[in-house]
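S.K.: Structure in structure tokens, see below.
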Protein chains: 2
Amino acid sequence: MALSPYQQLEQEFRRLHAFRGAASVLRWDAAVMMPRGSADLRGEQLAAIEMETHSLVTSPRVSRLLDRAEANAQGLEAWQIANLREMRRERDHAIATPQNLVSRLAKATSRAEIKWIEARQKSDFALFAPHLEEVVALIRDKAALLGKALNLSPYDALVDEFSPGLRVAEIDSVFTTVGRRLPGLIHEAIDLQAKRPLLEITGRFAPAKQRQLATELMKTLGFQFEHGRLDESEHPFTGGVPGDIRITTRFSSNDVLTGLMGVLHEAGHALYDNALPEAWRGQPVGRDAGMAVQESQSLLLEMLICRNRPFLRYLKPLLEKTFGVAGPEWEVENLYRLLTRVRRSLIRVDADEVTYPVHIVLRYELENELLSGELKVKDLPEAWNTRIEDRLGVRPANDAEGCLQDVHWAVGSFGYFPSYAIGAVIAGQLYERLRAERPELDQEIAAGQFSGLFDWLRENVHAVGASLSTPDLIMNATGKPLSAAAWLRYVEAKYLEE
Amino acid sequence: MALSPYQQLEQEFRRLHAFRGAASVLRWDAAVMMPRGSADLRGEQLAAIEMETHSLVTSPRVSRLLDRAEANAQGLEAWQIANLREMRRERDHAIATPQNLVSRLAKATSRAEIKWIEARQKSDFALFAPHLEEVVALIRDKAALLGKALNLSPYDALVDEFSPGLRVAEIDSVFTTVGRRLPGLIHEAIDLQAKRPLLEITGRFAPAKQRQLATELMKTLGFQFEHGRLDESEHPFTGGVPGDIRITTRFSSNDVLTGLMGVLHEAGHALYDNALPEAWRGQPVGRDAGMAVQESQSLLLEMLICRNRPFLRYLKPLLEKTFGVAGPEWEVENLYRLLTRVRRSLIRVDADEVTYPVHIVLRYELENELLSGELKVKDLPEAWNTRIEDRLGVRPANDAEGCLQDVHWAVGSFGYFPSYAIGAVIAGQLYERLRAERPELDQEIAAGQFSGLFDWLRENVHAVGASLSTPDLIMNATGKPLSAAAWLRYVEAKYLEE
């Protein structure tokens, strides 16, 4: 029997998924295993695969099949209709950017990234500025074309690539609330914390032992090592593909908590990826629900669950046993204080839970102004420094700890930053609902039982795949639209407790 | 300026090379890094890439470009003409086997391999026989089609895929000479060795230290770790792609010499791969000269150089230092006896240098007879056992140590076996010439100086890439056609010394 247009599309997208999975493992290899001298070779391999996937999604055949499948969708199941919608979305995104612009962007970002590395090392923004200007101009073109094709505002179109269905209206609403409340909250939290004693942890902790403890924790959380790995790399990340998920961290022998929290953060991503619906695997609808929801899963696990007292009651004896330590600095309350310490950090990736969104709101404002032309690239450092000082009360001494600290703009990732803070807000909203539905959660976590937590997440988040947009997923899981209220209640309770 | 047909072909084949490099790294990952449960996923990724490379090579566009480039070859340099010839060869090989047969073979060999694993475990040939029959029938069809397209006999066409230009006439001539001399030589060597005292090495040798020594030796040989890796896997192999070559071995804590010799064997392959001409990289002419020449490089290093006294004089103090050992069993002469011990082994992969070709000649005869129909699959075990007993004087107790020991036939690799023994013969021929041109070789090796050896190999073998066929490369390097004479002189001198 001949395959229906829809079935033929499933075949095409399964091939696409295979190519993407291959590319993802090759990127993991590049970060974790590849010899230093092989970067150019790997670049050619990835470019060949990316060219192939782009031409596959934008092929006339796929367009024809989409038209025919959409015209005959009546016999399809609900998930297949969602799958068709995701296929269309992907094709429309890909085809809106002409090959010529794609390749100009690839070249410009590749040059910009190299210059950004040098500029950051030398803390010399002037080196980077012309390259950033070029990237901004190209992204502006891309956003306009994407917006036109998708019937969205240019910035909405960029955001939609990372978090389907998330719009500026919602981001603005959340960021206004959060941006208004946080500076004061940070100030109060720091004052309160200053009154409480806190003991630093000193000593040496063998990376091999840290790794052993991390592995044990991952297993307890439900990570299946027959479908994934844990390795070390310069920057922690989650790579691979559902069914073969690989997380990395960095173990430092004088800082046992940071490496561990890094693993728990990435494990939040990995447990999401490997719990995506198996029946939909290889299809667009079987993917995650985008970067904001991804980040909600890593932050929920790291920040809301693990940097919290019940988890630390479970962790304390494991730390003592693994490293043969004991003493007042290893008491639950002291660990909690260390892991929830608020500081006016200038560096986003080192920021604590409440300072972090301040960094994101700043970048969100600035990237919008850069794209609209309201802010000139040459004025970026001053705008950055003034606004961060306004909100955190500290001013970067140089651009390396200011507007040169992140790679995102150099590589053309505009519209990505919001997902970090929206992810935190979603985590807060999910957590409030989860606690209401599962009052025994704290006792379970303290006892090292995580199945209740992950059953709830699987049902309400993981099993959804990409069948719902970001806003619909939140509504579906929590009964409420996206809002900062729950997250603010959570941080106020946590950071302003007397 | 528009690209010429030849230049367009270079572009297409560079893309092809990128896809193949990607696939090669993914296969390395599957053997060394991949979680156990991800095999199906990886299979889909590799199938997608292989389908793409096949359709690229056999595309009408490539055929058209080849016709046009061949018609206008007058302005091309010699290496470009060789490149064009290799492109044509590859296209003709790929297009001769219809997609339908390719996919039937892929399915049949995939089933056969699974059954072969089970059959070998249970030593039950009947489980495997129907699958081998299916594979033999399909390979027979493939060989006929290939032979017709390439104007070669069917078996020549199969061999040509692995060792370009190598023909049955040459293999027959070498194998007849070798097959006639070896049984007697093995007998004499064993008698001679029995008269000499030999001390076994016992004790435990930490794999981490074995690895450290192997790494040190690889560096001394010229292996560049910024373009390659050393890892461990169940079966040693050389993977990756020139510029990113990855070798594996297996370190056993109670057998320090086997793991080390495994590394040296694979290093022979790796040093060849990474010394292929950089200017031709990514092009068919920039590849190695096929499996027989590949094997000549690994065997030359492992057997002729390293399992020899000058190298062992260099190795002895390194072994003593690395493992803190000393005593009569670590003396050069005893190490030499251990590493050149001749035994009537039934298992090919454990066989010593002089027994090994006996195993190959047997497989060569049998696979020819299976393909011609002279030998029925059901009669294979008896034919195997009788002939190996005739030549080695030992008879397999079961098929696991007989005709079920190798995976090659299950996966459809007919025409591959000869390259192992032809590789040994080429190594012998190269070695004789090398020693004549470089009388100081032994002193250099004993002093741990390998640049003379590898300069000679680079000039005479590595730099050739695939610009010469196997027979032409041998003629070019040694001034003589392929012949078993030099190798037989070498083994007679080595194994029959009084």
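Starting from 1 in every chain, residues are counted up; chains themselves are A, B, ... following the order of the structure tokens, and ligands are numbered from 1 as listed.
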Find the nearest atom pair between each residue of chain B and chain A for residues within 9 Å, count only C-alpha atoms, give distances in Å to one decimal, sort rows by chain and ascending number, and present the table as a tab-separated table.

M.R.:
```
residue	atom	partner	partner_atom	distance
B:Arg14	CA	A:Glu44	CA	8.9
B:Arg15	CA	A:Ala48	CA	6.1
B:Leu16	CA	A:Ala48	CA	8.5
B:His17	CA	A:Gln45	CA	8.3
B:Ala18	CA	A:Gln45	CA	4.5
B:Phe19	CA	A:Gln45	CA	6.0
B:Arg20	CA	A:Gln45	CA	8.4
B:Gly21	CA	A:Gln45	CA	6.8
B:Ala22	CA	A:Gln45	CA	5.7
B:Ala23	CA	A:Ala22	CA	8.3
B:Val25	CA	A:Leu26	CA	7.7
B:Leu26	CA	A:Ala22	CA	7.4
B:Asp29	CA	A:Asp29	CA	8.5
B:Met33	CA	A:Arg229	CA	8.5
B:Met34	CA	A:Asp244	CA	7.7
B:Pro35	CA	A:Glu226	CA	5.0
B:Arg36	CA	A:Glu226	CA	5.2
B:Gly37	CA	A:Glu226	CA	4.9
B:Ser38	CA	A:Asp244	CA	5.7
B:Leu41	CA	A:Gly243	CA	7.3
B:Arg42	CA	A:Ala22	CA	7.8
B:Glu44	CA	A:Ala18	CA	5.9
B:Gln45	CA	A:Ala18	CA	4.5
B:Leu46	CA	A:Ala22	CA	7.9
B:Ala47	CA	A:Ala18	CA	8.5
B:Ala48	CA	A:Arg15	CA	6.1
B:Ile49	CA	A:Phe19	CA	7.2
B:Glu52	CA	A:Glu52	CA	8.8
B:Phe225	CA	A:Pro35	CA	6.8
B:Glu226	CA	A:Gly37	CA	4.9
B:His227	CA	A:Gly37	CA	5.3
B:Gly228	CA	A:Pro35	CA	5.7
B:Arg229	CA	A:Pro35	CA	6.8
B:Val241	CA	A:Leu41	CA	9.0
B:Gly243	CA	A:Ser38	CA	6.0
B:Asp244	CA	A:Ser38	CA	5.7
B:Ile245	CA	A:Pro35	CA	9.0
```

S.K.: Could the residues in this selection be written to a file with N, CA and C atoms, as a compact mmCIF listing (two decimals), in the first residue's frame?

M.R.:
```
# COMPACT_ATOMS: atom_id res chain seq x y z
N ARG B 14 34.41 16.55 -1.60
CA ARG B 14 34.76 17.07 -0.29
C ARG B 14 33.57 16.91 0.67
N ARG B 15 32.38 17.18 0.16
CA ARG B 15 31.17 16.95 0.97
C ARG B 15 31.04 15.48 1.34
N LEU B 16 31.28 14.64 0.35
CA LEU B 16 31.22 13.20 0.59
C LEU B 16 32.20 12.81 1.70
N HIS B 17 33.39 13.34 1.62
CA HIS B 17 34.41 13.07 2.63
C HIS B 17 33.96 13.54 4.01
N ALA B 18 33.30 14.69 4.06
CA ALA B 18 32.81 15.21 5.34
C ALA B 18 31.78 14.25 5.94
N PHE B 19 30.85 13.78 5.10
CA PHE B 19 29.84 12.82 5.60
C PHE B 19 30.51 11.53 6.08
N ARG B 20 31.49 11.05 5.31
CA ARG B 20 32.15 9.80 5.70
C ARG B 20 32.93 9.97 6.98
N GLY B 21 33.58 11.15 7.13
CA GLY B 21 34.32 11.41 8.36
C GLY B 21 33.37 11.43 9.55
N ALA B 22 32.21 12.06 9.37
CA ALA B 22 31.20 12.09 10.43
C ALA B 22 30.80 10.67 10.80
N ALA B 23 30.53 9.85 9.79
CA ALA B 23 30.11 8.47 10.05
C ALA B 23 31.21 7.70 10.77
N VAL B 25 33.56 8.86 12.81
CA VAL B 25 33.63 9.26 14.22
C VAL B 25 32.45 8.66 14.99
N LEU B 26 31.29 8.61 14.36
CA LEU B 26 30.11 8.02 15.03
C LEU B 26 30.29 6.51 15.25
N ASP B 29 32.61 6.26 18.17
CA ASP B 29 31.84 6.54 19.38
C ASP B 29 31.04 5.31 19.79
N MET B 33 32.42 4.88 23.28
CA MET B 33 31.78 5.79 24.21
C MET B 33 30.28 5.57 24.39
N MET B 34 29.62 5.13 23.37
CA MET B 34 28.15 5.15 23.35
C MET B 34 27.53 4.28 24.46
N PRO B 35 26.49 4.81 25.12
CA PRO B 35 25.78 3.97 26.08
C PRO B 35 25.19 2.74 25.38
N ARG B 36 25.15 1.63 26.10
CA ARG B 36 24.72 0.36 25.52
C ARG B 36 23.35 0.42 24.84
N GLY B 37 22.43 1.20 25.45
CA GLY B 37 21.06 1.18 24.97
C GLY B 37 20.79 2.03 23.75
N SER B 38 21.82 2.63 23.17
CA SER B 38 21.61 3.60 22.09
C SER B 38 21.94 3.05 20.71
N LEU B 41 19.35 3.83 17.77
CA LEU B 41 19.47 5.24 17.41
C LEU B 41 20.67 5.47 16.50
N ARG B 42 21.80 4.93 16.90
CA ARG B 42 23.04 5.12 16.13
C ARG B 42 22.90 4.47 14.76
N GLU B 44 20.24 4.23 13.01
CA GLU B 44 19.46 5.13 12.15
C GLU B 44 20.31 6.30 11.67
N GLN B 45 21.15 6.83 12.56
CA GLN B 45 22.00 7.96 12.17
C GLN B 45 22.98 7.55 11.06
N LEU B 46 23.60 6.38 11.25
CA LEU B 46 24.57 5.93 10.25
C LEU B 46 23.88 5.59 8.93
N ALA B 47 22.68 5.00 9.02
CA ALA B 47 21.96 4.66 7.79
C ALA B 47 21.60 5.93 7.02
N ALA B 48 21.19 6.98 7.73
CA ALA B 48 20.85 8.24 7.05
C ALA B 48 22.07 8.81 6.33
N ILE B 49 23.21 8.77 7.00
CA ILE B 49 24.43 9.31 6.37
C ILE B 49 24.85 8.44 5.19
N GLU B 52 22.77 8.98 2.20
CA GLU B 52 23.13 10.26 1.59
C GLU B 52 24.42 10.16 0.77
N PHE B 225 49.13 13.66 19.22
CA PHE B 225 47.89 13.59 19.99
C PHE B 225 46.98 14.79 19.79
N GLU B 226 47.46 15.85 19.13
CA GLU B 226 46.52 16.92 18.78
C GLU B 226 45.72 16.55 17.52
N HIS B 227 46.04 15.41 16.92
CA HIS B 227 45.24 14.93 15.79
C HIS B 227 44.80 13.49 15.98
N GLY B 228 44.70 13.06 17.24
CA GLY B 228 44.28 11.69 17.45
C GLY B 228 44.15 11.34 18.92
N ARG B 229 43.68 10.14 19.19
CA ARG B 229 43.46 9.67 20.55
C ARG B 229 43.86 8.20 20.68
N VAL B 241 39.30 9.70 11.14
CA VAL B 241 39.53 10.17 9.78
C VAL B 241 40.87 10.91 9.79
N GLY B 243 43.61 13.36 10.21
CA GLY B 243 43.48 14.62 10.93
C GLY B 243 42.81 14.43 12.29
N ASP B 244 42.15 13.28 12.47
CA ASP B 244 41.47 12.98 13.73
C ASP B 244 41.40 11.46 13.87
N ILE B 245 42.58 10.85 14.01
CA ILE B 245 42.69 9.39 13.98
C ILE B 245 42.67 8.84 15.41
```

S.K.: Residues of region 225-429 of chain B classed as alpha helix (DSSP H) by DSSP on the backbone are to be reported as a short mmCIF file (atom, residue, chain, number, x, y, z; two decimals) with N, CA and C atoms, in the first residue's frame.

M.R.:
```cif
data_model
loop_
_atom_site.label_atom_id
_atom_site.label_comp_id
_atom_site.auth_asym_id
_atom_site.auth_seq_id
_atom_site.Cartn_x
_atom_site.Cartn_y
_atom_site.Cartn_z
N VAL B 256 51.05 -7.93 29.67
CA VAL B 256 51.51 -6.59 29.33
C VAL B 256 51.92 -6.47 27.87
N LEU B 257 52.36 -7.58 27.26
CA LEU B 257 52.91 -7.48 25.90
C LEU B 257 51.82 -7.42 24.82
N THR B 258 50.73 -8.14 25.02
CA THR B 258 49.68 -8.18 23.98
C THR B 258 49.04 -6.81 23.76
N GLY B 259 48.71 -6.13 24.87
CA GLY B 259 48.08 -4.81 24.74
C GLY B 259 49.01 -3.83 24.03
N LEU B 260 50.29 -3.92 24.38
CA LEU B 260 51.28 -3.02 23.80
C LEU B 260 51.46 -3.29 22.31
N MET B 261 51.54 -4.57 21.94
CA MET B 261 51.70 -4.91 20.52
C MET B 261 50.44 -4.49 19.74
N GLY B 262 49.29 -4.58 20.41
CA GLY B 262 48.05 -4.11 19.78
C GLY B 262 48.13 -2.63 19.45
N VAL B 263 48.63 -1.85 20.41
CA VAL B 263 48.79 -0.40 20.18
C VAL B 263 49.73 -0.14 19.01
N LEU B 264 50.85 -0.89 18.98
CA LEU B 264 51.85 -0.66 17.94
C LEU B 264 51.29 -1.02 16.57
N HIS B 265 50.48 -2.08 16.52
CA HIS B 265 49.83 -2.46 15.26
C HIS B 265 48.91 -1.34 14.77
N GLU B 266 48.03 -0.87 15.66
CA GLU B 266 47.09 0.18 15.26
C GLU B 266 47.83 1.48 14.97
N ALA B 267 48.93 1.71 15.69
CA ALA B 267 49.72 2.92 15.44
C ALA B 267 50.28 2.91 14.02
N GLY B 268 50.59 1.71 13.51
CA GLY B 268 51.05 1.61 12.13
C GLY B 268 50.01 2.14 11.16
N HIS B 269 48.74 1.74 11.40
CA HIS B 269 47.63 2.29 10.59
C HIS B 269 47.53 3.81 10.76
N ALA B 270 47.55 4.23 12.02
CA ALA B 270 47.27 5.64 12.33
C ALA B 270 48.34 6.56 11.76
N LEU B 271 49.60 6.13 11.85
CA LEU B 271 50.68 6.97 11.34
C LEU B 271 50.61 7.08 9.82
N TYR B 272 50.13 6.02 9.19
CA TYR B 272 49.87 6.07 7.75
C TYR B 272 48.75 7.09 7.48
N ASP B 273 47.61 6.91 8.13
CA ASP B 273 46.45 7.78 7.88
C ASP B 273 46.77 9.26 8.07
N ASN B 274 47.45 9.56 9.17
CA ASN B 274 47.71 10.98 9.44
C ASN B 274 48.84 11.55 8.60
N MET B 291 43.18 -1.70 1.61
CA MET B 291 43.36 -2.49 2.82
C MET B 291 44.66 -3.28 2.85
N ALA B 292 45.13 -3.76 1.70
CA ALA B 292 46.38 -4.53 1.72
C ALA B 292 47.55 -3.62 2.12
N VAL B 293 47.58 -2.43 1.55
CA VAL B 293 48.66 -1.49 1.89
C VAL B 293 48.49 -1.04 3.34
N GLN B 294 47.25 -0.77 3.77
CA GLN B 294 47.01 -0.45 5.19
C GLN B 294 47.62 -1.51 6.08
N GLU B 295 47.29 -2.77 5.78
CA GLU B 295 47.77 -3.85 6.63
C GLU B 295 49.29 -3.97 6.57
N SER B 296 49.87 -3.62 5.42
CA SER B 296 51.34 -3.66 5.34
C SER B 296 51.95 -2.70 6.34
N GLN B 297 51.28 -1.57 6.59
CA GLN B 297 51.84 -0.57 7.49
C GLN B 297 51.72 -0.99 8.95
N SER B 298 50.60 -1.60 9.31
CA SER B 298 50.45 -2.04 10.69
C SER B 298 51.37 -3.24 10.97
N LEU B 299 51.45 -4.15 10.00
CA LEU B 299 52.29 -5.34 10.21
C LEU B 299 53.78 -5.00 10.17
N ARG B 309 64.65 -7.69 17.64
CA ARG B 309 65.62 -7.40 18.71
C ARG B 309 65.98 -5.93 18.87
N PRO B 310 66.23 -5.21 17.76
CA PRO B 310 66.62 -3.79 17.98
C PRO B 310 65.55 -3.03 18.77
N PHE B 311 64.29 -3.19 18.41
CA PHE B 311 63.23 -2.49 19.13
C PHE B 311 63.18 -2.95 20.58
N LEU B 312 63.38 -4.23 20.80
CA LEU B 312 63.27 -4.75 22.17
C LEU B 312 64.42 -4.24 23.04
N ARG B 313 65.56 -3.96 22.42
CA ARG B 313 66.63 -3.33 23.19
C ARG B 313 66.20 -1.94 23.67
N TYR B 314 65.45 -1.25 22.83
CA TYR B 314 64.93 0.06 23.20
C TYR B 314 63.80 -0.07 24.24
N LEU B 315 62.97 -1.09 24.07
CA LEU B 315 61.78 -1.24 24.92
C LEU B 315 62.12 -1.72 26.34
N LYS B 316 63.12 -2.58 26.44
CA LYS B 316 63.43 -3.23 27.73
C LYS B 316 63.54 -2.24 28.89
N PRO B 317 64.40 -1.21 28.78
CA PRO B 317 64.49 -0.28 29.93
C PRO B 317 63.17 0.46 30.19
N LEU B 318 62.38 0.70 29.15
CA LEU B 318 61.08 1.36 29.36
C LEU B 318 60.14 0.47 30.15
N LEU B 319 60.14 -0.82 29.84
CA LEU B 319 59.32 -1.77 30.59
C LEU B 319 59.78 -1.81 32.04
N GLU B 320 61.09 -1.88 32.21
CA GLU B 320 61.62 -1.98 33.58
C GLU B 320 61.27 -0.74 34.40
N LYS B 321 61.38 0.42 33.75
CA LYS B 321 61.10 1.67 34.47
C LYS B 321 59.60 1.81 34.76
N THR B 322 58.79 1.55 33.74
CA THR B 322 57.34 1.75 33.90
C THR B 322 56.76 0.84 34.97
N PHE B 323 57.18 -0.43 34.95
CA PHE B 323 56.53 -1.39 35.84
C PHE B 323 57.39 -1.78 37.04
N VAL B 332 66.27 -8.96 26.78
CA VAL B 332 65.89 -8.79 25.38
C VAL B 332 65.65 -10.14 24.69
N GLU B 333 66.55 -11.08 24.91
CA GLU B 333 66.42 -12.34 24.17
C GLU B 333 65.16 -13.10 24.58
N ASN B 334 64.81 -13.00 25.85
CA ASN B 334 63.60 -13.69 26.29
C ASN B 334 62.34 -13.00 25.77
N LEU B 335 62.36 -11.65 25.81
CA LEU B 335 61.23 -10.91 25.24
C LEU B 335 61.05 -11.27 23.77
N TYR B 336 62.18 -11.36 23.08
CA TYR B 336 62.13 -11.70 21.65
C TYR B 336 61.51 -13.09 21.44
N ARG B 337 61.90 -14.02 22.27
CA ARG B 337 61.34 -15.38 22.12
C ARG B 337 59.84 -15.39 22.41
N LEU B 338 59.44 -14.62 23.43
CA LEU B 338 58.00 -14.56 23.75
C LEU B 338 57.21 -13.96 22.58
N LEU B 339 57.80 -12.96 21.96
CA LEU B 339 57.05 -12.22 20.93
C LEU B 339 57.16 -12.83 19.54
N TYR B 356 49.68 -17.11 10.70
CA TYR B 356 48.58 -16.25 10.26
C TYR B 356 48.23 -16.42 8.78
N PRO B 357 49.20 -16.38 7.87
CA PRO B 357 48.83 -16.51 6.45
C PRO B 357 48.16 -17.85 6.12
N VAL B 358 48.48 -18.90 6.89
CA VAL B 358 47.81 -20.18 6.65
C VAL B 358 46.30 -20.00 6.83
N HIS B 359 45.93 -19.27 7.87
CA HIS B 359 44.50 -19.00 8.12
C HIS B 359 43.88 -18.23 6.97
N ILE B 360 44.64 -17.30 6.44
CA ILE B 360 44.10 -16.45 5.36
C ILE B 360 43.94 -17.24 4.06
N VAL B 361 44.96 -18.04 3.73
CA VAL B 361 44.88 -18.82 2.49
C VAL B 361 43.66 -19.73 2.55
N LEU B 362 43.43 -20.33 3.70
CA LEU B 362 42.25 -21.19 3.88
C LEU B 362 40.96 -20.42 3.58
N ARG B 363 40.82 -19.23 4.17
CA ARG B 363 39.59 -18.45 3.98
C ARG B 363 39.43 -18.00 2.52
N TYR B 364 40.56 -17.68 1.93
CA TYR B 364 40.55 -17.25 0.53
C TYR B 364 40.01 -18.38 -0.37
N GLU B 365 40.53 -19.58 -0.17
CA GLU B 365 40.06 -20.72 -0.96
C GLU B 365 38.57 -20.95 -0.72
N LEU B 366 38.20 -20.96 0.55
CA LEU B 366 36.82 -21.31 0.89
C LEU B 366 35.84 -20.26 0.39
N GLU B 367 36.17 -18.98 0.50
CA GLU B 367 35.19 -17.98 0.06
C GLU B 367 35.07 -17.97 -1.46
N ASN B 368 36.15 -18.30 -2.16
CA ASN B 368 36.06 -18.45 -3.61
C ASN B 368 35.15 -19.62 -3.98
N GLU B 369 35.32 -20.72 -3.26
CA GLU B 369 34.51 -21.90 -3.57
C GLU B 369 33.05 -21.69 -3.20
N LEU B 370 32.81 -20.97 -2.11
CA LEU B 370 31.42 -20.68 -1.73
C LEU B 370 30.75 -19.83 -2.81
N LEU B 371 31.46 -18.84 -3.30
CA LEU B 371 30.88 -17.93 -4.30
C LEU B 371 30.68 -18.63 -5.64
N SER B 372 31.61 -19.50 -6.01
CA SER B 372 31.47 -20.19 -7.29
C SER B 372 30.41 -21.29 -7.20
N LEU B 380 30.64 -26.43 4.65
CA LEU B 380 31.74 -25.54 5.07
C LEU B 380 32.48 -26.05 6.31
N PRO B 381 31.77 -26.45 7.39
CA PRO B 381 32.52 -26.86 8.59
C PRO B 381 33.50 -28.01 8.32
N GLU B 382 33.04 -28.99 7.58
CA GLU B 382 33.90 -30.15 7.30
C GLU B 382 35.11 -29.72 6.46
N ALA B 383 34.84 -28.90 5.43
CA ALA B 383 35.93 -28.44 4.56
C ALA B 383 36.96 -27.65 5.38
N TRP B 384 36.45 -26.80 6.24
CA TRP B 384 37.32 -25.98 7.10
C TRP B 384 38.21 -26.87 7.97
N ASN B 385 37.55 -27.76 8.68
CA ASN B 385 38.27 -28.56 9.67
C ASN B 385 39.32 -29.45 9.02
N THR B 386 38.95 -30.06 7.91
CA THR B 386 39.87 -30.96 7.23
C THR B 386 41.10 -30.21 6.73
N ARG B 387 40.85 -29.04 6.12
CA ARG B 387 41.99 -28.34 5.53
C ARG B 387 42.90 -27.70 6.57
N ILE B 388 42.32 -27.19 7.66
CA ILE B 388 43.19 -26.58 8.67
C ILE B 388 44.03 -27.68 9.33
N GLU B 389 43.42 -28.87 9.50
CA GLU B 389 44.16 -30.00 10.09
C GLU B 389 45.30 -30.43 9.16
N ASP B 390 45.01 -30.48 7.87
CA ASP B 390 46.05 -30.81 6.87
C ASP B 390 47.26 -29.90 7.01
N ARG B 391 47.00 -28.61 7.25
CA ARG B 391 48.09 -27.63 7.17
C ARG B 391 48.75 -27.33 8.51
N LEU B 392 47.94 -27.34 9.58
CA LEU B 392 48.51 -27.02 10.89
C LEU B 392 48.66 -28.23 11.80
N PRO B 418 42.02 -11.68 1.81
CA PRO B 418 43.36 -11.70 1.21
C PRO B 418 44.23 -10.52 1.65
N SER B 419 43.60 -9.36 1.89
CA SER B 419 44.42 -8.17 2.18
C SER B 419 45.28 -8.36 3.43
N TYR B 420 44.83 -9.19 4.38
CA TYR B 420 45.65 -9.41 5.58
C TYR B 420 47.00 -10.04 5.22
N ALA B 421 46.95 -11.10 4.41
CA ALA B 421 48.21 -11.80 4.11
C ALA B 421 49.00 -11.10 3.02
N ILE B 422 48.29 -10.51 2.06
CA ILE B 422 49.00 -9.72 1.05
C ILE B 422 49.69 -8.55 1.74
N GLY B 423 49.03 -7.99 2.76
CA GLY B 423 49.64 -6.91 3.54
C GLY B 423 50.95 -7.37 4.17
N ALA B 424 50.98 -8.58 4.71
CA ALA B 424 52.21 -9.10 5.31
C ALA B 424 53.31 -9.22 4.26
N VAL B 425 52.93 -9.73 3.11
CA VAL B 425 53.90 -9.92 2.03
C VAL B 425 54.44 -8.56 1.55
N ILE B 426 53.55 -7.57 1.42
CA ILE B 426 53.99 -6.23 1.04
C ILE B 426 54.96 -5.69 2.10
N ALA B 427 54.61 -5.90 3.38
CA ALA B 427 55.48 -5.44 4.46
C ALA B 427 56.87 -6.03 4.30
N GLY B 428 56.93 -7.32 3.98
CA GLY B 428 58.21 -7.99 3.80
C GLY B 428 59.01 -7.37 2.66
N GLN B 429 58.28 -7.07 1.60
CA GLN B 429 58.94 -6.50 0.43
C GLN B 429 59.45 -5.07 0.70
#
```

S.K.: Which residues are close to His93 (chain A), i.e. within 8 Å by only C-alpha atoms, leaving aside same-chain residues fewer than 4 positions away? Reply as a PyMOL selection string.

M.R.: chain A and resi 89+97+146+149-150+161

S.K.: Set the distance at 7 Å and use only C-alpha atoms: which residues neighbour Pro236 (chain A) once local chain neighbours fewer than 5 positions away are removed? I'd like the list as a ChimeraX atom specification.

M.R.: /A:248-250,262

S.K.: Would you output that residue set with C-alpha atoms, as a CSV table (one decimal), in the first residue's frame?

M.R.:
```
chain,number,residue,atom,x,y,z
A,248,THR,CA,28.9,17.3,31.3
A,249,THR,CA,30.2,19.2,34.3
A,250,ARG,CA,33.4,20.5,35.7
A,262,GLY,CA,26.1,21.7,37.8
```

S.K.: By how many Å are CA of Pro481 (chain B) and CA of Ala436 (chain B) apart?

M.R.: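 Answer for the CA of Pro481 (chain B) to CA of Ala436 (chain B) separation: 17.0 Å.
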
S.K.: Could you tell me how far CA of Leu496 (chain B) sits from CA of Ala189 (chain B), in Å to one decimal place?

M.R.: 5.7 Å
